[in-house]
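Undergrad: Sharing a structure below in structure tokens format, with a few things to ask.
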Amino acid sequence: MVIVHSGSSDECKSQAAILQDEFYEPYHDLGLSIVLIIFEDDGGARDWGSVLDYSYAYKQHFGLSFKVLADPNHDKTGIYHEDVPLTMLLDENLVIQFRQEGSIPDTPRLKQYIEDLLN
């Protein structure tokens with residue numbers, strides 16, 4: 001699962017609060033990997049130092065044990081979406097099987113997609 005967040009988005013923070021318990025912990029041992037990418041801090045700064053520091057603090061604050069990466073200036077992820085959060089579920093061939101942007105995906109629906117891909 002690849003997720004793109006902005007530090008200034010309350011919707012992203014709401015999603016971050018459930019990722020560890022609802023998705024990573026129950027599905028990691030079954031094969032799910034999560035990568036969360038942050039492109040700006042909570043004040044909208046996009047420089048390397050601000051985004052890197054914020055990404056580290058975000059990971060600690062939400063107790064995330066999966067990878068949290070920084071994409072300052074939105075260079076790498078900006079072409080994939082117009083709104084956040086962006087949630088994409090990829091299969092073993094890295095083909096996108098589920099994509100939603102601008103809102104948090106419905107948890108039972110996303111879990112069903114995950115279970116279908118892992119089986």
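Residues in the structure tokens are named by chain (A, B, ... in the order shown) and by number from 1 within that chain; ligands are numbered from 1 in the order shown.
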Give the helix (DSSP H, G or I) residues of segment 4-105 of chain A, as assigned by DSSP on the backbone, as a PyMOL selection string.
TA: chain A and resi 10-30+48-62+72-74+78-80
Undergrad: Quick one: everything within 9 Å of Asp91 of chain A, counting only C-alpha atoms, minus sequence neighbours fewer than 2 positions away in the same chain. Send it as a list in words.
TA: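 My list of contacting residues is Met1, Leu89, Asn93, Leu94, Val95, Ile96, Gln97, Leu117 and Leu118 of chain A.
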Undergrad: Tell me which of A:Val84, A:Asn73, A:Leu19, A:Ile114 sits closest to Glu101 of chain A, counting only C-alpha atoms.
TA: A:Val84
Undergrad: Closest to Phe39 of chain A among A:Tyr54, A:Tyr113, A:Tyr24, A:Phe62, using only C-alpha atoms?
TA: A:Tyr54
Undergrad: Between atom CA of His5 of chain A and atom CA of His74 of chain A, what distance in Å does the model show, to one decimal?
TA: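 Computed distance, atom CA of His5 of chain A to atom CA of His74 of chain A, equals 10.4 Å.
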Undergrad: Excluding Glu40 of chain A and residues on its chain fewer than 3 positions from it, collect all residues at most 7 Å away from it, counting only C-alpha atoms, and give them as a PyMOL selection string.
TA: chain A and resi 6-7+44-46+51+72
Undergrad: With C-alpha atoms retained, export the selected residues as a PDB file, in the first residue's frame.
TA:
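Saved the output as part09.pdb:
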ATOM      1  CA  SER A   6       0.294  16.388   3.527  1.00  0.00           C
ATOM      2  CA  GLY A   7       1.160  17.524   7.024  1.00  0.00           C
ATOM      3  CA  GLY A  44       2.969  23.935   4.372  1.00  0.00           C
ATOM      4  CA  ALA A  45       6.788  24.052   4.151  1.00  0.00           C
ATOM      5  CA  ARG A  46       8.212  21.827   1.418  1.00  0.00           C
ATOM      6  CA  VAL A  51       9.738  17.733   5.434  1.00  0.00           C
ATOM      7  CA  PRO A  72      10.070  17.622  -0.407  1.00  0.00           C
TER       8      PRO A  72
END
